[in-house]
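What follows is one structure encoded as structure tokens, with my remarks underneath.
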Amino acid sequence: MPDRKTYKIAHVRKWCKDCGICVAVCPRKVFEIDRNDRQAIVNPQDCIGCQMCVEHCPDFALNVTEDKSDA
Amino acid sequence: MPDRKTYKIAHVRKWCKDCGICVAVCPRKVFEIDRNDRQAIVNPQDCIGCQMCVEHCPDFALNVTEDKSDA
Amino acid sequence: MKMSNLRSERLPNIWCPGCGNGIVLRSLLESVEQLGLDTDKIVVVSGIGCSSRAPAYTNFDNVHTLHGRAIPVATGIKLANPDLTVIVLTGDGDSSAIGGNHLIHAARRDVDITVIVFNNFNYGMTGGQASPLTPVASVTTTTPGGNTDRPFDLVNLTAGAGATYVARTGIYFTKHMLDHLKKAIAHRGFSLVDVIAQCPTYFGRFNRKGDAGQMIVSQKDWLVLKSVADKKSPQELAGKIVIGEFVNIPPPGPAVVPEGQV
Amino acid sequence: MKMSNLRSERLPNIWCPGCGNGIVLRSLLESVEQLGLDTDKIVVVSGIGCSSRAPAYTNFDNVHTLHGRAIPVATGIKLANPDLTVIVLTGDGDSSAIGGNHLIHAARRDVDITVIVFNNFNYGMTGGQASPLTPVASVTTTTPGGNTDRPFDLVNLTAGAGATYVARTGIYFTKHMLDHLKKAIAHRGFSLVDVIAQCPTYFGRFNRKGDAGQMIVSQKDWLVLKSVADKKSPQELAGKIVIGEFVNIPPPGPAVVPEGQV
Amino acid sequence: MDNGRFELRLTGSGGQGLILASIIVAEAAIAEGKVVTQSQVYGAEARGGTTKAELIISDRHIAYPKVTDPDLVAALTNEGLKQYGGGISRKTVVVIDSSTMALPESLNEEACKTLLALPIRNATVEKLGSELGLNVVLLGIIQGLTEVVSVEALRTAVSLHVKKQYVDLNMRALDLGIEMVRESATTGIRI
Amino acid sequence: MDNGRFELRLTGSGGQGLILASIIVAEAAIAEGKVVTQSQVYGAEARGGTTKAELIISDRHIAYPKVTDPDLVAALTNEGLKQYGGGISRKTVVVIDSSTMALPESLNEEACKTLLALPIRNATVEKLGSELGLNVVLLGIIQGLTEVVSVEALRTAVSLHVKKQYVDLNMRALDLGIEMVRESATTGIRI
Amino acid sequence: MPRIALMQGNEAVAEGALAAGVRFYAGYPITPSSEVAEVMARRMPQVQGVFIQMEDEIASIMAIVGASLAGKKVLTATSGPGFSLMQEGLGYACMIEAPIVILDSMRYGPSTGMPTKVSQMDLMQSRWGTHGDHWLIVYSPSSVQESYDLTIRAVNMAEKYRTPVVILSDETISHLREPITIADVSPTVDRRLPAERAGYLPYKTDATLVPAIANVGTGFRTSFTGLVHSDTGFQTANGHVAEALITRLRDKLLSKLDDIIELEADRVEDADITFISFGITARGVAEAVDVLRTRGKKAGSLRLVTLFPFSDDRIRKAAGNAPTIVVPELNSGQLVLLIKRVFGDSRRIVPLNKVNGDLISPADILNFVAEEKL
Amino acid sequence: MPRIALMQGNEAVAEGALAAGVRFYAGYPITPSSEVAEVMARRMPQVQGVFIQMEDEIASIMAIVGASLAGKKVLTATSGPGFSLMQEGLGYACMIEAPIVILDSMRYGPSTGMPTKVSQMDLMQSRWGTHGDHWLIVYSPSSVQESYDLTIRAVNMAEKYRTPVVILSDETISHLREPITIADVSPTVDRRLPAERAGYLPYKTDATLVPAIANVGTGFRTSFTGLVHSDTGFQTANGHVAEALITRLRDKLLSKLDDIIELEADRVEDADITFISFGITARGVAEAVDVLRTRGKKAGSLRLVTLFPFSDDRIRKAAGNAPTIVVPELNSGQLVLLIKRVFGDSRRIVPLNKVNGDLISPADILNFVAEEKL
Ligand SMILES: Cc1ncc(C[n+]2csc(CCOP(=O)(O)OP(=O)(O)O)c2C)c(N)n1
Ligand SMILES: Cc1ncc(C[n+]2csc(CCOP(=O)(O)OP(=O)(O)O)c2C)c(N)n1
Ligand code: SF4
Ligand code: SF4
Ligand code: SF4
Ligand code: SF4
């Protein structure tokens with residue numbers, strides 16, 4: 001996908017409670033609750049920056065910003 | 001006024017507080033607050049039995065019944 | 001009317017000359033009489049205030065509680081013995097100031113009690129302070145410059161809380177008052193009647209409403225029947241209070257949610 | 001969004017995994033940010049409950065009061081210093097059970113405070129008992145057979161009490177929530193926003209609402225925008241809750257009654 | 001005013017202005033450098049019931065603030081006298097309003113120093129046109145009988161409590177009271 | 001179980017079923033004619049935090065109801081052991097879940113009688129298919145280690161607390177725990 | 001046949017109340033008492049009783065007062081903050097002589113304090129929390145069994161003396177699980193009711209000083225008011241009546257101390273050091289006394305099962321003659337104030353206080369005795 | 001120039017508060033305190049202050065707490081029933097250290113009792129009404145002048161020690177009119193405020209033990225909670241912090257008894273009989289002592305101006321050596337319980353109680369002394 005913006009997903013592990021809300025609200029299945037009941041960022045490349053996860057994370061544990069590193 | 005009904009107005013003096021409500025609500029000026037600030041029944045003969053005074057007396061001090069004594 | 005339910009041995013009552021409370025009391029006694037209720041099964045419950053002394057003049061069981069607390073006591077009585085007719089006699093302060101929470105919760109729960117508010121727009125018993133029903137600009141001992149707080153509209157408040165019967169009436173309109181008290185008492189579920197009464201000693205005097213007689217007769221001028229008011233514009237109704245029946249939701253059939261369903 | 005008003009040194013917060021409170025908190029912080037308010041002049045006041053712990057995570061002055069008593073404290077603060085923006089963060093129990101009277105009186109007086117109700121339909125902090133907003137038939141620790149008491153509709157209740165701004169929103173609808181929080185805070189006079197949040201630990205678990213993610217996403221199904229709801233029949237709306245702005249009365253110009261007039 | 005102390009009790013029914021009357025005497029006494037304590041009973045919230053106002057005037061600190069040994073008791077109703085006649089003794093002067101009250105039989109020569117029955121209400125209505133000012137007439141009577149405060153001090157105190165347009169009326173009321181005492185020396189019923 | 005008294009403490013995080021586990025042991029002990037007191041701490045209203053459940057089993061009346069001198073401490077999290085490791089002494093057997101916990105350095109030979117590190121979580125997931133039943137596995141471990149209650153009593157107590165369809169699973173869990181202790185004699189890490 | 005069941009203190013209070021005939025519960029949840037409400041919510045429907053969750057604690061106490069007047073045996077449960085809110089209603093119940101029972105499970109205060117931590121800080125409040133002169137009974141359980149038994153007793157005493165009874169428990173006992181013995185039938189007492197409608201005077205009393213007031217709805221046309229009232233139940237401002245009423249309210253309890261007061265003395269006769277304590281603290285004391293005795297130290301314990309009425313006399317007699325009296329309690333010193341009054345300068349009275357949210361353990365007591373060289 | 005004005009006790013409390021800088025009043029009317037609200041309703045607008053009538057007493061105390069946190073000096077006034085309702089809020093104010101002043105004008109209780117009759121029945125409640133360990137200051141005026149002066153003092157003490165202060169007055173003093181002397185300017189004390197935002201810790205204290213907490217809205221981002229809290233003002237369930245907090249709350253007052261406690265002794269030095277009393281009752285005592293002295297009986301009086309903190313020590317010292325101590329009070333015996341504790345068996349402690357709604361007059365005392373052969 002040329003020209004498509006990419007995003008950096010920052011996750012504050014020590015604030016996260018692995019509640020799975022990000023998993024439920026993300027339209028792109030970026031997150032997963034893994035076998036250890038832990039939140040995991042599995043498909044960061046699919047992120048479209050919609051901020052659903054950020055706005056619904058009750059623990060302020062997510063931040064999604066446009067990745068300008070390769071721009 | 002032939003045939004016109006007449007009424008007996010019973011007044012319980014010891015319950016009456018001379019508030020003057022009967023004076024105000026009576027359509028026929030049957031009552032008066034006299035010079036001594038006391039309630040007085042001055043025109044009993046004009047009573048039409050409407051019960052306005054009875055129903056508005058806050059002290060249960062009035063009773064108006066049809067006078068059948070001369071019937 | 002025979003006043004068989006009047007506890008006449010306790011008369012004269014403690015109220016001031018011209019106080020409207022006795023007129024509401026009379027109407028209550030008459031409604032009970034006309035409804036043909038079993039007087040052994042009636043409990044009148046009140047809070048604290050001039051109006052809350054009313055139960056003492058009825059020949060029913062009576063419970064004079066704490067300021068604002070008649071409704072939870074009444075709730076306890078009714079739930080403990082659902083056969084009883086439980087009637088709360090309360091003042092505007094008692095019911096809507098300190099007792100406001102109980103009022104809205106009883107309305108919400110639709111407890112089958114009847115609340116009769118002796119609404120004289122102020123706290124009579126403590127010397128004429130403002131109540132939550134004191135109209136804007138009225139003078140009371142705690143609003144010497146005129147009340148600036150907006151009053152509740154008890155009808156809106158209790159309807160908003162979920163009451164299933166709400167009416168308003170005025171002591172001048174004795175027939176109207178009697179009718180609505182009867183309907184409220186007969187109503188199954190929470191019912192409230194806001195009865196516009198009068199306190200000539202304080203509210204009347206401070207606001208130059210004239211003597212007791214003038215105060216009562218003037219209700220003709222500033223109370224408007226709902227049927228009439230419905231046809232008027234807000235401007236025409238400025239300064240007036242509408243009386244009539246505002247909410248009358250019949251009780252639902254069987255309990256809303258059968259136990260098994262949940 | 002920068003979260004400059006988040007007291008991040010106090011994170012992680014005490015709430016359960018998936019609790020909705022943090023989402024409301026975030027929205028509050030964002031609304032204050034977007035409104036550009038002077039953060040030195042903001043006081044957040046709360047009662048007791050899980051939700052009432054929210055102020056501790058804001059970098060504003062915060063006052064954690066007693067169960068149900070945030071509103072009178074907020075009233076005291078606001079009247080003592082009208083320059084301040086005073087925001088009450090409260091739970092459904094805190095605001096509408098024990099605090100119900102203060103709620104309706106603040107609405108009546110139109111005190112210029114904003115009340116944000118974190119409405120999770122139960123008492124979270126004490127272990128999931130029923131609140132006055134618990135829907136009929138819901139299971140809680142004090143309604144093991146399903147709730148039979150009718151809940152308040154906070155919108156009707158506060159509108160009936162005289163509130164000048166009332167809205168309802170849900171935490172799934174973050175933009176909607178943010179918009180209405182901003183409008184409420186900006187409103188001059190009493191404002192309330194009923195925010196449908198979630199308690200997966202108790203209400204969700206007892207009522208089989210699924211996990212936190214399912215609970216939040218399901219708001220799409222049972223919360224209906226007012227604009228949409230206005231076009232629907234009561235039957236179509238059964239089991240749904242309508243969100244949107246319900247009351248928005250602009251403040252009157254000068255004081256209703258000039259001193260001299262009375 | 002034995003040992004520099006004077007105890008006054010006024011009784012009647014609510015609305016007769018007795019509390020105000022006692023306050024006015026108190027203010028007059030203060031203006032003359034006296035110490036006072038003024039008090040009243042509040043009925044059990046009933047309105048228009050019987051009331052009592054009390055005043056102690058003294059040259060020095062007053063410890064116990066209630067009247068126990070009244071020098072003067074003025075009653076405007078029999079009920080008031082009945083309820084609040086406690087403590088009347090051989091030193092007490094009792095004033096009653098003979099226009100509205102029956103002579104209290106109990107108050108014979110043994111019971112009090114003097115019983116003075118004056119037609120207070122009738123005189124007020126007759127001379128001042130209405131009952132308005134009756135409590136000030138009573139003030140005049142108190143002054144006339146006891147001189148516990150000066151007429152001047154009383155005039156000043158009264159005028160502080162009435163609207164301008166009524167000052168005149170009230171001064172006449174005061175004079176009327178003083179006059180009634182004077183006349184009573186010859187015409188009033190002293191028992 | 002010196003002098004007829006046994007003190008047990010379980011610690012871990014909320015939701016692991018430790019309180020229920022302690023209740024089940026309590027019920028088993030009661031069925032065998034013992035006296036018990038069971039208690040727990042409630043965190044400062046925070047959820048999912050560290051918890052502790054305590055149980056005293058005794059032949060006779062128990063006065064002070066809290067564990068002060070534990071015979072057995074079983075911990076499912078390091079945080080739990082840290083917060084509620086108080087009172088561990090030379091008489092104490094300490095069990096930890098080696099699948100999720102680091103070996104606590106403080107618990108050397110001086111500090112306790114035995115430190116037994118068992119892979120409780122892993123074994124549970126492996127043998128029973130999920131973490132469900134972990135607390136019952138722990139019960140088996142407790143039984144296996146102490147025999148403070150009989151296996152039979154424990155089986156009965158467990159079955160009173162689970163739905164019919166899960167009885168089987170739980171009995172297997174119990175057995176697994178007992179088995180783990182038995183094996184640990186040879187394979188478990190005892191320090 | 002009596003059965004044995006493992007239950008929490010809170011559950012025991014609920015079950016004890018049910019066994020005593022309580023059929024009306026109104027309450028408002030609060031840690032650490034909420035389980036009482038939760039048990040009642042489940043159990044009341046099973047016994048045709050009423051459970052209602054009210055809008056707050058004020059409504060809760062007023063609702064049980066109402067139900068009591070309608071003839072039910074009633075209970076509410078709360079903790080410090082809620083107990084503070086109930087104070088006005090409690091005084092009302094004293095004044096109208098409504099039989100009601102209130103559990104106050106003490107947590108750490110003041111104010112919201114530490115909701116999940118134990119304390120014994122409401123001791124004085126349980127006696128003096130409401131305004132005006134009043135008297136009531138306060139019981140203090142030390143175990144789950146006693147939570148059950150004393151609740152039955154509280155309900156019975158409330159009915160017998162037409163008085164509010166407070167069960168002053170605490171967070172630890174509320175949440176402690178112990179096996180208790182439950183009798184098939186428990187002794188119950190019902191309030192005395194009037195027989196004759198003619199000449200019925202609700203507050204007229206005989207030698208018992210306890211009025212036989214009719215329940216509402218039974219045709220007696222009875223009257224209740226929190227104002228000073230005469231025998232009729234109607235208000236009066238008569239000073240003599242007021243004095244007689246207040247005096248009777250006092251004497252109806254203070255003349256029955258034999259029936260009301262329970263004190264548990266353990267080895268005080270020959271003690272050199274006696275501990276006076278109540279509630280959960282007494283259990284640490286019991287163990288410490290045992291240990292001290294094994295160490296040759298003559299220790300004894302007096303446990304106050306009934307906290308109020310508090311009889312200086314009885315406590316003086318029951319406490320034995322130890323020259324040193326230690327008063328351990330989970331507060332900054334409340335019971336010790338009363339004990340000082342009881343003994344004046346005749347003994348050495350030593351307070352032992354703990355205010356960190358933990359219990360006073362046997363070790364704490366032993367250390368204290370050692371450190372203070374008692 | 002000081003001026004003299006005739007006013008009622010209630011008016012004096014209101015005017016005293018205004019003189020002390022009170023600019024926020026929230027209240028709910030109740031006999032016999034309502035005039036305070038009425039005066040404030042009139043006077044507050046004149047001084048740019050705020051008067052608000054709240055929906056009940058709970059809201060009243062919480063509103064003054066709020067206003068206090070926003071920097072105002074505040075007052076509310078009530079009587080027994082309202083004071084009972086305020087108890088939870090009072091404990092909150094103790095815990096967060098909010099300077100507030102409450103007038104409780106005592107009427108006859110319990111419950112609604114006799115609203116227009118005097119009593120001294122809330123004495124113990126003023127100390128123990130709320131749950132949990134707490135400390136506060138209680139003053140008791142005996143005259144209208146003292147109602148004025150002690151109100152100023154109460155406001156100052158509240159600010160100085162960041163504590164609730166109760167003025168425990170009564171129906172008689174509230175309605176008594178006496179001339180009082182009003183100074184042009186009254187001594188006022190303002191709460192200490194923090195200087196530095198950097199490193200600001202609201203509950204960090206120095207040797208004074210009184211924290212310098214910022215007012216809200218001043219940029220300090222301060223935090224208040226009724227939960228146990230650390231120096232930061234934020235909640236903790238740490239037992240050590242809890243213990244330290246409770247201990248400091250106690251010591252900040254108990255270490256300043258010289259400043260807080262005022263006792264008025266009159267001729268106790270050589271007395272054979274000493275009366276210990278407070279409030280209105282002390283005035284009957286004063287007259288009785290005079291009479292007894294003229295009769296050759298060596299009588300003395302100790303009047304407690306400060307009721308709480310109650311220092312056994314100071315009272316023992318101030319009371320002199322009379323072998324007989326009479327404790328007259330308008331209740332069934334409350335102060336006497338404390339006095340018994342103070343003196344143990346070393347003196348004869350005689351209660352003199354009146355509970356009919358009237359005052360204890362000098363004659364009552366003289367008769368009592370005669371009848372009891374004291
Ligand atoms: C807890 C409490 N607060 C305040 C009071 C004082 N009080 C008695 S009656 C009353 C107000 C009465 O007003 P309302 O209910 O309108 O009745 P009214 O006297 O006007 O009939 C008040 C404030 C009280 N008795 N108890
Ligand atoms: C006077 C008083 N009563 C009861 C409580 C116990 N209590 C604390 S929080 C709470 C209910 C909280 O429910 P809600 O306001 O809905 O908040 P949530 O915890 O659900 O966010 C209760 C009953 C208390 N702290 N104080
Ligand atoms: S920003 Fe949107 S797409 Fe990206 S991870 Fe979050 S929810 Fe998923
Ligand atoms: S209305 Fe009744 S109380 Fe009033 S004056 Fe007439 S009779 Fe008397
Ligand atoms: S004060 Fe007002 S309400 Fe009370 S009795 Fe008098 S007129 Fe009626
Ligand atoms: S109990 Fe409920 S409301 Fe409280 S933190 Fe947990 S999820 Fe949130």
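In the structure tokens, chains take letters A, B, ... by order of appearance, with residues numbered from 1 within each chain and ligands from 1 in the order shown.
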
Find the residues near ligand 3. Use a cut-off of 9 Å, count only C-alpha atoms and all ligand atoms, and write them as a count of residues only. 32

Expected selection as a ChimeraX atom specification for ligand 2 within 7 Å, only C-alpha atoms and all ligand atoms: /D:48-52,66-67,90-95,118-126,131 /G:28-31,56-57,81-82,85,112

Dump as a CSV table (one decimal), in the first residue's frame, selection limited to N, CA and C atoms:
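Here's the written file out.csv:
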chain,number,residue,atom,x,y,z
D,48,ILE,N,-18.5,9.5,47.2
D,48,ILE,CA,-17.8,8.2,47.5
D,48,ILE,C,-18.4,7.2,46.5
D,49,GLY,N,-17.5,6.4,46.0
D,49,GLY,CA,-17.8,5.4,45.0
D,49,GLY,C,-16.6,5.1,44.2
D,50,CYS,N,-16.6,4.1,43.3
D,50,CYS,CA,-15.4,3.9,42.4
D,50,CYS,C,-15.2,5.2,41.6
D,51,SER,N,-16.3,5.6,41.0
D,51,SER,CA,-16.3,6.8,40.1
D,51,SER,C,-15.8,8.0,40.8
D,52,SER,N,-16.1,8.1,42.1
D,52,SER,CA,-15.8,9.3,42.9
D,52,SER,C,-14.3,9.4,43.2
D,66,LEU,N,-18.0,13.2,51.0
D,66,LEU,CA,-18.7,12.0,51.6
D,66,LEU,C,-19.7,11.5,50.6
D,67,HIS,N,-20.2,10.3,50.9
D,67,HIS,CA,-21.1,9.6,50.0
D,67,HIS,C,-22.4,10.5,49.8
D,90,THR,N,-19.4,12.0,39.9
D,90,THR,CA,-20.2,11.2,40.8
D,90,THR,C,-20.8,9.9,40.2
D,91,GLY,N,-21.2,9.0,41.0
D,91,GLY,CA,-21.7,7.7,40.5
D,91,GLY,C,-23.2,7.8,40.5
D,92,ASP,N,-23.9,6.8,39.9
D,92,ASP,CA,-25.3,6.8,39.9
D,92,ASP,C,-25.9,6.7,41.3
D,93,GLY,N,-25.2,5.9,42.1
D,93,GLY,CA,-25.7,5.8,43.5
D,93,GLY,C,-25.4,7.1,44.3
D,94,ASP,N,-24.2,7.5,44.2
D,94,ASP,CA,-23.8,8.7,44.9
D,94,ASP,C,-24.7,9.9,44.6
D,95,SER,N,-25.1,10.1,43.3
D,95,SER,CA,-25.9,11.2,42.9
D,95,SER,C,-27.4,11.0,43.1
D,118,PHE,N,-21.2,9.2,36.4
D,118,PHE,CA,-20.6,7.9,35.9
D,118,PHE,C,-21.7,6.8,36.1
D,119,ASN,N,-22.5,6.6,35.2
D,119,ASN,CA,-23.7,5.7,35.4
D,119,ASN,C,-23.4,4.3,35.0
D,120,ASN,N,-23.1,3.4,36.0
D,120,ASN,CA,-22.8,2.0,35.6
D,120,ASN,C,-24.0,1.1,36.1
D,121,PHE,N,-25.1,1.7,36.5
D,121,PHE,CA,-26.3,1.0,36.9
D,121,PHE,C,-26.2,0.2,38.2
D,122,ASN,N,-25.1,0.4,38.9
D,122,ASN,CA,-25.0,-0.3,40.2
D,122,ASN,C,-24.0,0.4,41.1
D,123,TYR,N,-24.0,-0.1,42.4
D,123,TYR,CA,-22.9,0.4,43.3
D,123,TYR,C,-21.7,-0.4,43.1
D,124,GLY,N,-20.7,0.1,42.4
D,124,GLY,CA,-19.5,-0.7,42.2
D,124,GLY,C,-18.7,-0.9,43.5
D,125,MET,N,-18.4,0.2,44.1
D,125,MET,CA,-17.5,0.1,45.2
D,125,MET,C,-17.8,-0.8,46.3
D,126,THR,N,-19.1,-0.9,46.6
D,126,THR,CA,-19.5,-1.8,47.8
D,126,THR,C,-19.9,-3.2,47.3
D,131,SER,N,-28.8,0.3,42.4
D,131,SER,CA,-28.8,1.7,42.6
D,131,SER,C,-30.2,2.2,42.1
G,28,TYR,N,-29.0,0.2,53.6
G,28,TYR,CA,-28.3,0.9,52.6
G,28,TYR,C,-26.9,0.3,52.7
G,29,PRO,N,-26.3,-0.2,51.5
G,29,PRO,CA,-25.0,-0.9,51.6
G,29,PRO,C,-23.9,0.0,52.1
G,30,ILE,N,-23.1,-0.6,52.9
G,30,ILE,CA,-21.8,0.1,53.3
G,30,ILE,C,-20.9,-1.0,53.8
G,31,THR,N,-19.6,-0.9,53.4
G,31,THR,CA,-18.6,-1.7,53.9
G,31,THR,C,-18.3,-1.4,55.4
G,56,ASP,N,-31.0,5.9,51.5
G,56,ASP,CA,-29.9,6.2,52.3
G,56,ASP,C,-30.2,5.7,53.7
G,57,GLU,N,-29.3,5.9,54.6
G,57,GLU,CA,-29.4,5.4,56.0
G,57,GLU,C,-30.5,6.0,56.8
G,81,PRO,N,-20.2,5.8,59.0
G,81,PRO,CA,-20.8,6.9,58.3
G,81,PRO,C,-22.3,6.8,58.2
G,82,GLY,N,-22.8,5.6,58.0
G,82,GLY,CA,-24.2,5.4,58.0
G,82,GLY,C,-24.8,5.5,59.4
G,85,LEU,N,-25.4,9.1,60.2
G,85,LEU,CA,-26.6,9.6,59.6
G,85,LEU,C,-27.9,9.1,60.3
G,112,THR,N,-14.6,8.8,56.2
G,112,THR,CA,-14.6,7.6,55.4
G,112,THR,C,-13.4,6.7,55.8

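Minimum atom-to-atom distances from D:Leu225, D:Ile14, D:Ala107, D:Ile71 to chain F were compared using only C-alpha atoms, and the lowest value belongs to D:Ile14.
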
Please, which residues have at least one atom within 7 Å of an atom of ligand 6, using only C-alpha atoms and all ligand atoms, listed as a ChimeraX atom specification? /D:14-21,50-51,120,124-125,127-128,198-202 /F:47

Save out the residues we just selected, N, CA and C atoms, as a short mmCIF file (atom, residue, chain, number, x, y, z; two decimals), in the first residue's frame.
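Final file, part_19.cif:
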data_model
loop_
_atom_site.label_atom_id
_atom_site.label_comp_id
_atom_site.auth_asym_id
_atom_site.auth_seq_id
_atom_site.Cartn_x
_atom_site.Cartn_y
_atom_site.Cartn_z
N ILE D 14 -7.10 2.85 40.35
CA ILE D 14 -7.55 1.74 41.20
C ILE D 14 -8.66 0.92 40.58
N TRP D 15 -9.16 1.36 39.44
CA TRP D 15 -10.33 0.69 38.90
C TRP D 15 -10.04 -0.70 38.35
N CYS D 16 -11.05 -1.53 38.32
CA CYS D 16 -10.93 -2.88 37.78
C CYS D 16 -10.55 -2.83 36.30
N PRO D 17 -9.98 -3.90 35.80
CA PRO D 17 -9.75 -4.00 34.35
C PRO D 17 -11.09 -3.82 33.61
N GLY D 18 -11.10 -2.96 32.65
CA GLY D 18 -12.29 -2.78 31.83
C GLY D 18 -13.35 -1.87 32.40
N CYS D 19 -13.09 -1.31 33.57
CA CYS D 19 -14.05 -0.38 34.16
C CYS D 19 -14.17 0.84 33.25
N GLY D 20 -15.40 1.32 33.08
CA GLY D 20 -15.61 2.46 32.19
C GLY D 20 -15.16 3.80 32.74
N ASN D 21 -14.88 3.85 34.04
CA ASN D 21 -14.60 5.15 34.66
C ASN D 21 -13.46 5.91 33.99
N CYS D 50 -16.57 4.13 43.34
CA CYS D 50 -15.43 3.93 42.45
C CYS D 50 -15.23 5.18 41.59
N SER D 51 -16.33 5.63 40.99
CA SER D 51 -16.28 6.78 40.10
C SER D 51 -15.80 8.02 40.84
N ASN D 120 -23.10 3.45 35.95
CA ASN D 120 -22.85 2.04 35.62
C ASN D 120 -23.95 1.13 36.15
N GLY D 124 -20.73 0.09 42.43
CA GLY D 124 -19.53 -0.71 42.22
C GLY D 124 -18.72 -0.90 43.49
N MET D 125 -18.44 0.20 44.13
CA MET D 125 -17.47 0.14 45.23
C MET D 125 -17.84 -0.82 46.34
N GLY D 127 -19.69 -3.49 46.04
CA GLY D 127 -19.84 -4.88 45.63
C GLY D 127 -21.04 -5.18 44.75
N GLY D 128 -21.53 -4.16 44.06
CA GLY D 128 -22.53 -4.46 43.05
C GLY D 128 -23.96 -4.54 43.53
N GLN D 198 -19.65 1.63 32.48
CA GLN D 198 -19.81 0.19 32.69
C GLN D 198 -19.02 -0.32 33.87
N CYS D 199 -19.60 -1.30 34.53
CA CYS D 199 -18.96 -2.00 35.64
C CYS D 199 -18.96 -3.47 35.27
N PRO D 200 -17.90 -3.89 34.56
CA PRO D 200 -17.87 -5.30 34.14
C PRO D 200 -17.78 -6.25 35.34
N THR D 201 -17.16 -5.78 36.42
CA THR D 201 -16.93 -6.64 37.58
C THR D 201 -18.23 -7.09 38.23
N TYR D 202 -19.16 -6.19 38.35
CA TYR D 202 -20.41 -6.58 39.01
C TYR D 202 -21.59 -6.58 38.03
N ARG F 47 -9.68 -3.33 42.96
CA ARG F 47 -10.05 -4.66 42.47
C ARG F 47 -8.81 -5.38 41.99
#

Would you mind listing what lies within 12 Å of F:Leu139 as an MDAnalysis selection string, with only C-alpha atoms counted and same-chain residues fewer than 6 positions away left out? chainID F and resid 8:10 17:26 28 72 74 95 120 133 145:151 153:155 157:158 170:181

Distance criterion (only C-alpha atoms and all ligand atoms): nearest to ligand 5 out of B:Arg38, B:Lys68, B:His11, B:Lys17: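 Of B:Arg38, B:Lys68, B:His11, B:Lys17, the one nearest ligand 5, counting only C-alpha atoms and all ligand atoms, is B:Lys17.
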
Which of stretch 75-176 of chain H end up as strand (DSSP E or B) when DSSP is run on this backbone - answer as number ranges by chain? H: 75-78, 100-108, 113-118, 137-139, 164-170

At most 6 Å from ligand 4 (only C-alpha atoms and all ligand atoms): residue list as JSON, numbers by chain: {"B": [16, 17, 18, 19, 20, 21, 22, 39, 57, 58, 59, 61, 62]}

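Look at stretch 104-113 of chain F: the protein and nucleic acid residues within 8 Å of it, using only C-alpha atoms and passing over chain neighbours fewer than 6 places away, are Asn78, Ile88, Ser89, Arg90, Lys91, Thr92, Val93, Val94 and Ile191 of chain F.
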
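The environment of G:Gly27 within 6 Å, counting only C-alpha atoms and disregarding residues fewer than 2 places along the same chain, consists of Gln53, Met54, Ser60 and Thr76 of chain G.
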
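In chain G, the set of residues within 10 Å of chain E (atoms considered: only C-alpha atoms) is Gln235, Thr236, Ala237 and Asn238 of chain G.
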
For H:Ile58, find every residue with an atom within 12 Å (counting only C-alpha atoms), except residues of its own chain fewer than 5 positions away, and show them as a PyMOL selection string. (chain C and resi 97-99) or (chain D and resi 66-73+98-99+101-102) or (chain G and resi 58+84-85+88) or (chain H and resi 26-28+53+63-65+76-78+81-92)
